[in-house]
file data_19.cif (mmCIF, C-alpha atoms and all ligand atoms)
data_coords
loop_
_atom_site.label_atom_id
_atom_site.label_comp_id
_atom_site.auth_asym_id
_atom_site.auth_seq_id
_atom_site.Cartn_x
_atom_site.Cartn_y
_atom_site.Cartn_z
CA MET A 1095 -7.28 16.07 18.43
CA PHE A 1096 -4.21 18.26 17.70
CA HIS A 1097 -5.83 21.59 18.59
CA HIS A 1098 -6.36 20.92 22.28
CA ILE A 1099 -3.70 18.45 23.41
CA PRO A 1100 -4.05 18.15 27.20
CA ASP A 1101 -1.22 19.93 29.07
CA SER A 1102 -0.08 16.72 30.79
CA ILE A 1103 0.38 15.00 27.40
CA ALA A 1104 2.06 18.01 25.75
CA GLN A 1105 4.46 18.33 28.70
CA ARG A 1106 5.37 14.63 28.72
CA MET A 1107 5.86 14.66 24.93
CA LYS A 1108 8.26 17.61 25.27
CA TRP A 1109 10.09 15.91 28.16
CA LEU A 1110 10.51 12.70 26.11
CA GLU A 1111 11.61 14.66 23.00
CA ASP A 1112 14.30 16.42 25.08
CA LEU A 1113 15.41 13.17 26.74
CA ASN A 1114 15.53 11.41 23.35
CA ASP A 1115 17.73 14.20 21.91
CA ARG A 1116 20.00 14.27 24.96
CA LEU A 1117 20.61 10.49 25.00
CA LYS A 1118 21.38 10.63 21.27
CA GLN A 1119 23.83 13.54 21.69
CA GLU A 1120 25.56 11.67 24.51
CA GLY A 1121 26.15 8.78 22.09
CA ARG A 1122 24.31 6.24 24.23
CA SER A 1123 23.86 2.68 23.00
CA ALA A 1124 20.73 1.65 21.09
CA ALA A 1125 19.47 -0.18 24.19
CA GLU A 1126 19.81 2.98 26.30
CA ARG A 1127 18.31 5.42 23.79
CA LEU A 1128 14.55 5.88 23.29
CA ARG A 1129 14.70 5.80 19.47
CA GLN A 1130 11.28 7.39 19.27
CA ILE A 1131 9.44 8.67 16.20
CA PRO A 1132 9.55 12.38 15.24
CA PRO A 1133 6.41 14.45 15.98
CA ASP A 1134 5.18 14.52 12.36
CA THR A 1135 5.18 10.74 12.25
CA GLY A 1136 3.11 10.81 15.43
CA ARG A 1137 0.58 13.14 13.82
CA PHE A 1138 0.47 10.94 10.73
CA LEU A 1139 -0.15 7.81 12.83
CA ALA A 1140 -2.90 9.51 14.82
CA LEU A 1141 -4.69 10.70 11.67
CA LEU A 1142 -4.43 7.29 10.04
CA ALA A 1143 -5.54 5.40 13.16
CA CYS A 1144 -8.64 7.59 13.37
CA SER A 1145 -9.52 6.48 9.84
CA ALA A 1146 -9.16 2.76 10.59
CA PRO A 1147 -12.23 0.51 10.67
CA VAL A 1148 -13.64 -0.83 13.94
CA GLY A 1149 -11.29 -3.22 15.74
CA LYS A 1150 -8.27 -3.51 18.01
CA TRP A 1151 -5.28 -1.18 17.84
CA LEU A 1152 -1.78 -2.54 18.42
CA GLU A 1153 1.67 -1.04 18.77
CA ILE A 1154 4.81 -3.20 18.63
CA GLY A 1155 7.71 -1.36 20.33
CA THR A 1156 6.59 1.05 23.06
CA SER A 1157 9.94 2.37 24.32
CA ALA A 1158 9.01 5.17 26.75
CA GLY A 1159 5.53 5.60 25.29
CA TYR A 1160 6.06 8.63 23.04
CA SER A 1161 4.41 7.19 19.91
CA THR A 1162 1.76 5.63 22.16
CA LEU A 1163 0.81 9.13 23.35
CA TRP A 1164 0.01 10.13 19.75
CA LEU A 1165 -2.10 6.98 19.40
CA ALA A 1166 -3.75 7.72 22.76
CA LEU A 1167 -4.87 11.11 21.40
CA ALA A 1168 -6.46 9.26 18.49
CA CYS A 1169 -8.03 6.72 20.87
CA THR A 1170 -9.68 9.53 22.80
CA GLU A 1171 -10.88 11.12 19.57
CA VAL A 1172 -12.68 8.00 18.30
CA GLY A 1173 -13.30 5.95 21.46
CA ALA A 1174 -10.67 3.25 20.79
CA THR A 1175 -7.99 1.65 22.99
CA VAL A 1176 -4.46 0.54 22.09
CA THR A 1177 -2.41 -2.43 23.28
CA THR A 1178 1.32 -1.71 23.14
CA PHE A 1179 4.10 -4.31 23.47
CA GLU A 1180 7.56 -3.66 24.96
CA ILE A 1181 10.16 -6.34 25.52
CA LEU A 1182 12.51 -4.43 27.88
CA GLU A 1183 11.45 -3.89 31.50
CA GLU A 1184 13.50 -0.63 31.80
CA LYS A 1185 11.62 0.87 28.86
CA ALA A 1186 8.29 -0.46 30.13
CA GLU A 1187 8.93 1.28 33.46
CA LEU A 1188 9.38 4.63 31.69
CA ALA A 1189 6.26 3.94 29.63
CA ARG A 1190 4.24 3.19 32.78
CA GLU A 1191 5.35 6.56 34.14
CA THR A 1192 4.34 8.20 30.84
CA PHE A 1193 0.85 6.71 30.94
CA ARG A 1194 0.40 7.48 34.66
CA LEU A 1195 1.50 11.12 34.37
CA THR A 1196 -0.68 11.74 31.30
CA GLY A 1197 -3.76 9.92 32.53
CA THR A 1198 -3.75 7.76 29.39
CA ASN A 1199 -3.97 4.47 31.30
CA ALA A 1200 -7.67 4.31 30.46
CA VAL A 1201 -6.95 3.95 26.74
CA VAL A 1202 -3.53 2.22 26.81
CA ASN A 1203 -2.83 -1.41 27.73
CA LEU A 1204 0.92 -2.03 28.13
CA VAL A 1205 2.08 -5.63 27.70
CA VAL A 1206 5.67 -6.41 28.70
CA GLY A 1207 7.24 -9.19 26.64
CA ASP A 1208 8.06 -10.30 23.13
CA ALA A 1209 5.15 -9.19 20.95
CA ARG A 1210 5.62 -12.28 18.78
CA GLU A 1211 4.38 -14.46 21.62
CA HIS A 1212 1.07 -12.55 21.76
CA LEU A 1213 0.23 -11.42 18.24
CA SER A 1214 -1.52 -14.57 17.02
CA ASP A 1215 -4.01 -14.15 19.90
CA CYS A 1216 -4.81 -10.54 18.88
CA ARG A 1217 -7.82 -10.96 16.55
CA ASP A 1218 -9.80 -8.32 14.66
CA VAL A 1219 -6.95 -5.84 14.38
CA ALA A 1220 -7.93 -2.52 12.80
CA PHE A 1221 -4.63 -0.66 13.24
CA CYS A 1222 -1.07 -1.74 14.01
CA PHE A 1223 2.08 0.35 14.33
CA LEU A 1224 5.26 -1.73 13.98
CA ASP A 1225 8.38 -0.09 15.43
CA ALA A 1226 10.53 -2.82 17.01
CA GLU A 1227 13.95 -4.28 16.12
CA LYS A 1228 14.20 -4.60 12.36
CA ASP A 1229 14.96 -8.34 12.50
CA VAL A 1230 11.49 -9.05 13.92
CA TYR A 1231 9.53 -6.95 11.38
CA ARG A 1232 8.89 -9.86 9.02
CA ASP A 1233 7.70 -12.18 11.82
CA CYS A 1234 5.44 -9.47 13.26
CA TYR A 1235 4.01 -8.66 9.83
CA GLU A 1236 3.20 -12.32 9.12
CA LEU A 1237 1.56 -12.68 12.55
CA VAL A 1238 -0.56 -9.52 12.29
CA VAL A 1239 -1.76 -9.57 8.66
CA PRO A 1240 -4.02 -12.67 8.99
CA ASN A 1241 -5.71 -10.96 11.96
CA LEU A 1242 -6.29 -7.59 10.28
CA VAL A 1243 -9.94 -6.85 9.57
CA LYS A 1244 -10.87 -5.85 6.02
CA GLY A 1245 -9.61 -2.31 5.56
CA GLY A 1246 -7.32 -2.68 8.59
CA ILE A 1247 -4.07 -0.73 8.48
CA LEU A 1248 -0.51 -1.72 9.40
CA VAL A 1249 2.25 0.92 9.44
CA ALA A 1250 5.92 0.01 9.78
CA ASP A 1251 8.48 2.70 10.67
CA ASN A 1252 12.02 3.10 9.25
CA ALA A 1253 11.14 1.91 5.74
CA ILE A 1254 13.59 4.49 4.30
CA SER A 1255 16.11 5.00 7.12
CA HIS A 1256 16.65 1.20 7.37
CA LYS A 1257 15.89 0.46 3.72
CA THR A 1258 18.83 -1.90 3.21
CA ILE A 1259 18.00 -4.22 6.06
CA LEU A 1260 14.23 -3.97 5.51
CA GLN A 1261 14.21 -4.30 1.69
CA PRO A 1262 13.41 -8.06 1.65
CA MET A 1263 10.50 -7.47 4.03
CA ILE A 1264 9.31 -4.43 2.01
CA ASP A 1265 9.49 -6.44 -1.24
CA ARG A 1266 7.45 -9.20 0.40
CA VAL A 1267 4.79 -6.72 1.56
CA LEU A 1268 4.54 -4.94 -1.80
CA ALA A 1269 4.03 -8.31 -3.53
CA ASP A 1270 1.60 -9.65 -0.89
CA GLU A 1271 -1.86 -9.81 -2.49
CA ARG A 1272 -3.57 -9.74 0.91
CA VAL A 1273 -2.72 -6.04 1.20
CA ASP A 1274 -2.28 -2.87 -0.85
CA ALA A 1275 0.87 -1.08 0.30
CA MET A 1276 3.31 1.72 -0.39
CA VAL A 1277 6.22 3.50 1.28
CA LEU A 1278 5.55 7.14 2.18
CA PRO A 1279 8.45 9.62 2.51
CA ILE A 1280 7.43 10.86 5.94
CA ASP A 1281 10.39 11.30 8.31
CA ARG A 1282 12.18 7.89 8.42
CA GLY A 1283 9.80 6.36 5.86
CA GLU A 1284 6.49 4.74 6.65
CA LEU A 1285 5.44 1.48 5.02
CA VAL A 1286 1.63 1.65 4.98
CA CYS A 1287 -0.45 -1.46 4.26
CA ARG A 1288 -4.22 -1.82 3.97
CA LYS A 1289 -5.81 -5.26 4.19
CA ARG A 1290 -7.95 -6.08 1.15
C1 LIG B 1 12.35 2.13 18.00
S1 LIG B 1 11.93 1.76 19.64
C2 LIG B 1 10.20 2.20 19.77
C3 LIG B 1 9.96 3.67 19.82
C4 LIG B 1 8.52 4.05 20.08
N1 LIG B 1 7.64 3.42 19.12
C5 LIG B 1 8.34 5.55 19.99
O1 LIG B 1 8.34 6.07 18.86
O2 LIG B 1 8.22 6.20 21.04
C6 LIG B 1 11.81 0.01 19.58
C7 LIG B 1 11.35 -0.64 20.85
O3 LIG B 1 10.89 -1.94 20.55
C8 LIG B 1 11.23 -2.80 21.59
N2 LIG B 1 11.20 -4.17 21.06
C9 LIG B 1 12.15 -4.74 20.26
N3 LIG B 1 11.78 -5.98 19.92
C10 LIG B 1 10.57 -6.20 20.50
C11 LIG B 1 9.68 -7.32 20.52
N4 LIG B 1 9.97 -8.45 19.87
N5 LIG B 1 8.53 -7.20 21.22
C12 LIG B 1 8.24 -6.05 21.89
N6 LIG B 1 9.06 -4.96 21.91
C13 LIG B 1 10.21 -5.04 21.22
C14 LIG B 1 12.62 -2.30 22.02
O4 LIG B 1 12.93 -2.72 23.33
C15 LIG B 1 12.45 -0.80 21.89
O5 LIG B 1 12.08 -0.19 23.11
#
call {"tool": "encode", "arguments": {"input": "data_19.cif", "output": "structure tokens"}}
result
Amino acid sequence: MFHHIPDSIAQRMKWLEDLNDRLKQEGRSAAERLRQIPPDTGRFLALLACSAPVGKWLEIGTSAGYSTLWLALACTEVGATVTTFEILEEKAELARETFRLTGTNAVVNLVVGDAREHLSDCRDVAFCFLDAEKDVYRDCYELVVPNLVKGGILVADNAISHKTILQPMIDRVLADERVDAMVLPIDRGELVCRKR
């Protein structure tokens, strides 16, 4: 999966990494920036997704599709597909370009809109990556967990970088007997939950 990343995907990843850095250096607003995960988080997500049980894969917060590309590599590895939700049309347009240029359309389904309006309809979820605005994490978690299959995995980004704002949600997850969970010190901090 990591040894032979197709050129089109490697090139688009590099282009998005450079764009992400440039927009950050220019001091652009949160809405303008891509706010994408670092590469090691992408590798971690791909490895974990490959170990998930059979079922649907979800991503909440597509931005320009960088993290989705890591999940797409995992999809190709194990024959899965991923549905990714993005609320902003400008970001969705960049993501469409990402999936078109990399030929990942076959394994990625992009849904434009508020993920919260769709999550209760997404049954039999085996893997979910949560990376949206922090004030919707709790709602998304509560919508996804009942639909996780046994052994299904939910990962939430920014559990350390946004610890203060996310602490009530993290406390809720750690005390939630439907899942086993812990925060891993990978990049910005990954809250990893496994449905019991
Ligand atoms: C941190 S960025 C995602 C970065 C992306 N996962 C990556 O690493 O390449 C968060 C994205 O979530 C989107 N978003 C925020 N709230 C959302 C919601 N309720 N439903 C769907 N997308 C949402 C934002 O527009 C933004 O593009």
call {"tool": "atom_distance", "arguments": {"input": "data_19.cif", "atom1": "atom CA of A:Arg1282", "atom2": "atom CA of A:Asp1251"}}
result
6.8 Å
call {"tool": "atom_distance", "arguments": {"input": "data_19.cif", "atom1": "atom CA of A:Val1286", "atom2": "atom CA of A:Leu1110"}}
result
25.4 Å
call {"tool": "closest_residue", "arguments": {"input": "data_19.cif", "among": "A:Lys1185, A:Arg1288, A:Arg1137, A:Arg1217", "to": "A:Ala1125", "atoms": "all atoms listed in the file"}}
result
A:Lys1185
call {"tool": "closest_atom_pairs", "arguments": {"input": "data_19.cif", "of": "chain A", "to": "ligand LIG 1 (chain B)", "cutoff": "10 Å", "atoms": "only C-alpha atoms and all ligand atoms", "output": "CSV"}}
result
residue,atom,partner,partner_atom,distance
A:Met1107,CA,B:LIG1,O2,9.6
A:Leu1110,CA,B:LIG1,O2,8.6
A:Glu1111,CA,B:LIG1,O2,9.3
A:Asn1114,CA,B:LIG1,O2,9.3
A:Ala1124,CA,B:LIG1,C15,8.7
A:Ala1125,CA,B:LIG1,O4,7.1
A:Glu1126,CA,B:LIG1,O5,8.9
A:Arg1127,CA,B:LIG1,O5,8.4
A:Leu1128,CA,B:LIG1,S1,6.1
A:Arg1129,CA,B:LIG1,C1,4.6
A:Gln1130,CA,B:LIG1,O1,3.2
A:Ile1131,CA,B:LIG1,O1,3.9
A:Pro1132,CA,B:LIG1,O1,7.4
A:Pro1133,CA,B:LIG1,O1,9.1
A:Thr1135,CA,B:LIG1,O1,8.7
A:Gly1136,CA,B:LIG1,O1,7.8
A:Glu1153,CA,B:LIG1,N1,7.5
A:Ile1154,CA,B:LIG1,C12,5.5
A:Gly1155,CA,B:LIG1,O3,3.2
A:Thr1156,CA,B:LIG1,C4,4.6
A:Ser1157,CA,B:LIG1,O5,3.5
A:Ala1158,CA,B:LIG1,O2,5.9
A:Gly1159,CA,B:LIG1,O2,5.1
A:Tyr1160,CA,B:LIG1,O2,3.8
A:Ser1161,CA,B:LIG1,O2,4.1
A:Thr1162,CA,B:LIG1,O2,6.6
A:Leu1163,CA,B:LIG1,O2,8.3
A:Trp1164,CA,B:LIG1,O2,9.2
A:Thr1178,CA,B:LIG1,C12,8.3
A:Phe1179,CA,B:LIG1,C12,4.8
A:Glu1180,CA,B:LIG1,N6,3.6
A:Ile1181,CA,B:LIG1,N6,4.0
A:Leu1182,CA,B:LIG1,O4,4.9
A:Glu1183,CA,B:LIG1,O4,8.4
A:Glu1184,CA,B:LIG1,O4,8.7
A:Lys1185,CA,B:LIG1,O5,5.9
A:Ala1186,CA,B:LIG1,O5,8.0
A:Ala1189,CA,B:LIG1,O2,9.1
A:Val1205,CA,B:LIG1,C12,8.5
A:Val1206,CA,B:LIG1,C12,7.3
A:Gly1207,CA,B:LIG1,C12,5.8
A:Asp1208,CA,B:LIG1,N5,3.7
A:Ala1209,CA,B:LIG1,N5,3.9
A:Arg1210,CA,B:LIG1,N4,5.9
A:Glu1211,CA,B:LIG1,N5,8.4
A:His1212,CA,B:LIG1,N5,9.2
A:Leu1213,CA,B:LIG1,N5,9.8
A:Phe1223,CA,B:LIG1,N1,8.0
A:Leu1224,CA,B:LIG1,N1,7.7
A:Asp1225,CA,B:LIG1,N1,5.1
A:Ala1226,CA,B:LIG1,O3,3.7
A:Glu1227,CA,B:LIG1,C9,4.5
A:Lys1228,CA,B:LIG1,N3,8.1
A:Asp1229,CA,B:LIG1,N3,8.4
A:Val1230,CA,B:LIG1,N4,6.2
A:Tyr1231,CA,B:LIG1,N4,8.6
A:Asp1233,CA,B:LIG1,N4,9.2
A:Cys1234,CA,B:LIG1,N4,8.1
A:Asp1251,CA,B:LIG1,C1,8.3
A:Asn1252,CA,B:LIG1,C1,8.8
call {"tool": "atom_distance", "arguments": {"input": "data_19.cif", "atom1": "atom CA of A:Val1273", "atom2": "atom CA of A:Tyr1235"}}
result
11.3 Å
call {"tool": "closest_residue", "arguments": {"input": "data_19.cif", "among": "A:Val1172, A:Leu1152, A:Val1249, A:Ala1104", "to": "A:Phe1138", "atoms": "only C-alpha atoms"}}
result
A:Val1249
call {"tool": "closest_residue", "arguments": {"input": "data_19.cif", "among": "A:Cys1287, A:Met1263, A:Met1095, A:Ile1103", "to": "A:Thr1192", "atoms": "all atoms listed in the file"}}
result
A:Ile1103
call {"tool": "residues_near_point", "arguments": {"input": "data_19.cif", "point": "(-5.6, 6.0, 31.9)", "cutoff": "12 Å", "atoms": "all atoms listed in the file", "output": "list in words"}}
result
Ile1103, Leu1163, Ala1166, Leu1167, Cys1169, Thr1170, Thr1175, Val1176, Arg1190, Glu1191, Thr1192, Phe1193, Arg1194, Leu1195, Thr1196, Gly1197, Thr1198, Asn1199, Ala1200, Val1201, Val1202, Asn1203 and Leu1204 of chain A
call {"tool": "residues_around", "arguments": {"input": "data_19.cif", "residues": "A:Pro1279", "least_positions_apart": "4", "cutoff": "9 Å", "atoms": "all atoms listed in the file", "output": "ChimeraX atom specification"}}
result
/A:1253-1254,1283-1284
call {"tool": "residues_around", "arguments": {"input": "data_19.cif", "residues": "A:Cys1216", "least_positions_apart": "4", "cutoff": "8 Å", "atoms": "all atoms listed in the file", "output": "VMD selection string"}}
result
chain A and resid 1150 1212 1238 1241
call {"tool": "closest_residue", "arguments": {"input": "data_19.cif", "among": "A:His1098, A:Lys1108, A:Arg1122, A:Lys1244", "to": "A:Lys1289", "atoms": "only C-alpha atoms"}}
result
A:Lys1244
call {"tool": "closest_residue", "arguments": {"input": "data_19.cif", "among": "A:Ala1250, A:Cys1222, A:Ala1168, A:Glu1187", "to": "A:Leu1278", "atoms": "all atoms listed in the file"}}
result
A:Ala1250
call {"tool": "build_atoms", "arguments": {"input": "data_19.cif", "residues": "stretch 1243-1279 of chain A", "atoms": "N, CA and C atoms", "output": "compact mmCIF listing (two decimals), keeping the file's coordinate frame"}}
result
# COMPACT_ATOMS: atom_id res chain seq x y z
N VAL A 1243 -8.60 -6.86 10.16
CA VAL A 1243 -9.94 -6.85 9.57
C VAL A 1243 -9.84 -6.26 8.16
N LYS A 1244 -10.87 -6.45 7.37
CA LYS A 1244 -10.87 -5.85 6.02
C LYS A 1244 -10.75 -4.33 6.16
N GLY A 1245 -9.83 -3.75 5.45
CA GLY A 1245 -9.61 -2.31 5.56
C GLY A 1245 -8.67 -1.94 6.70
N GLY A 1246 -8.25 -2.94 7.47
CA GLY A 1246 -7.32 -2.68 8.59
C GLY A 1246 -5.97 -2.20 8.07
N ILE A 1247 -5.30 -1.40 8.91
CA ILE A 1247 -4.07 -0.73 8.48
C ILE A 1247 -2.89 -1.15 9.34
N LEU A 1248 -1.77 -1.47 8.69
CA LEU A 1248 -0.51 -1.72 9.40
C LEU A 1248 0.52 -0.72 8.88
N VAL A 1249 1.19 -0.04 9.80
CA VAL A 1249 2.25 0.92 9.44
C VAL A 1249 3.56 0.45 10.06
N ALA A 1250 4.60 0.38 9.26
CA ALA A 1250 5.92 0.01 9.78
C ALA A 1250 6.88 1.19 9.60
N ASP A 1251 7.57 1.55 10.69
CA ASP A 1251 8.48 2.70 10.67
C ASP A 1251 9.84 2.29 10.07
N ASN A 1252 10.63 3.28 9.71
CA ASN A 1252 12.02 3.10 9.25
C ASN A 1252 12.15 2.45 7.87
N ALA A 1253 11.09 2.56 7.05
CA ALA A 1253 11.14 1.91 5.74
C ALA A 1253 12.16 2.57 4.81
N ILE A 1254 12.55 3.83 5.11
CA ILE A 1254 13.59 4.49 4.30
C ILE A 1254 14.91 4.52 5.07
N SER A 1255 14.85 4.89 6.35
CA SER A 1255 16.11 5.00 7.12
C SER A 1255 16.83 3.65 7.24
N HIS A 1256 16.06 2.54 7.26
CA HIS A 1256 16.65 1.20 7.37
C HIS A 1256 16.31 0.38 6.13
N LYS A 1257 16.32 1.08 4.98
CA LYS A 1257 15.89 0.46 3.72
C LYS A 1257 16.69 -0.82 3.41
N THR A 1258 18.01 -0.76 3.61
CA THR A 1258 18.83 -1.90 3.21
C THR A 1258 18.42 -3.15 3.95
N ILE A 1259 18.31 -3.02 5.27
CA ILE A 1259 18.00 -4.22 6.06
C ILE A 1259 16.53 -4.64 5.88
N LEU A 1260 15.66 -3.65 5.61
CA LEU A 1260 14.23 -3.97 5.51
C LEU A 1260 13.77 -4.30 4.08
N GLN A 1261 14.67 -4.13 3.08
CA GLN A 1261 14.21 -4.30 1.69
C GLN A 1261 13.54 -5.65 1.42
N PRO A 1262 14.10 -6.79 1.92
CA PRO A 1262 13.41 -8.06 1.65
C PRO A 1262 11.99 -8.08 2.23
N MET A 1263 11.83 -7.50 3.42
CA MET A 1263 10.50 -7.47 4.03
C MET A 1263 9.58 -6.54 3.22
N ILE A 1264 10.12 -5.38 2.79
CA ILE A 1264 9.31 -4.43 2.01
C ILE A 1264 8.88 -5.07 0.68
N ASP A 1265 9.82 -5.76 0.03
CA ASP A 1265 9.49 -6.44 -1.24
C ASP A 1265 8.38 -7.46 -1.01
N ARG A 1266 8.47 -8.20 0.08
CA ARG A 1266 7.45 -9.20 0.40
C ARG A 1266 6.08 -8.54 0.57
N VAL A 1267 6.06 -7.41 1.29
CA VAL A 1267 4.79 -6.72 1.56
C VAL A 1267 4.20 -6.17 0.26
N LEU A 1268 5.05 -5.54 -0.56
CA LEU A 1268 4.54 -4.94 -1.80
C LEU A 1268 3.98 -6.00 -2.76
N ALA A 1269 4.50 -7.23 -2.65
CA ALA A 1269 4.03 -8.31 -3.53
C ALA A 1269 2.90 -9.13 -2.89
N ASP A 1270 2.58 -8.86 -1.65
CA ASP A 1270 1.60 -9.65 -0.89
C ASP A 1270 0.18 -9.24 -1.32
N GLU A 1271 -0.53 -10.16 -1.95
CA GLU A 1271 -1.86 -9.81 -2.49
C GLU A 1271 -2.93 -9.67 -1.42
N ARG A 1272 -2.59 -9.96 -0.18
CA ARG A 1272 -3.57 -9.74 0.91
C ARG A 1272 -3.70 -8.26 1.25
N VAL A 1273 -2.71 -7.46 0.84
CA VAL A 1273 -2.72 -6.04 1.20
C VAL A 1273 -2.40 -5.17 -0.02
N ASP A 1274 -2.81 -3.90 0.05
CA ASP A 1274 -2.28 -2.87 -0.85
C ASP A 1274 -1.31 -2.07 0.02
N ALA A 1275 -0.15 -1.73 -0.53
CA ALA A 1275 0.87 -1.08 0.30
C ALA A 1275 1.73 -0.13 -0.50
N MET A 1276 2.31 0.84 0.21
CA MET A 1276 3.31 1.72 -0.39
C MET A 1276 4.17 2.33 0.72
N VAL A 1277 5.34 2.82 0.33
CA VAL A 1277 6.22 3.50 1.28
C VAL A 1277 6.03 5.00 1.11
N LEU A 1278 5.74 5.68 2.22
CA LEU A 1278 5.55 7.14 2.18
C LEU A 1278 6.79 7.84 2.73
N PRO A 1279 7.24 8.92 2.05
CA PRO A 1279 8.45 9.62 2.51
C PRO A 1279 8.17 10.59 3.66
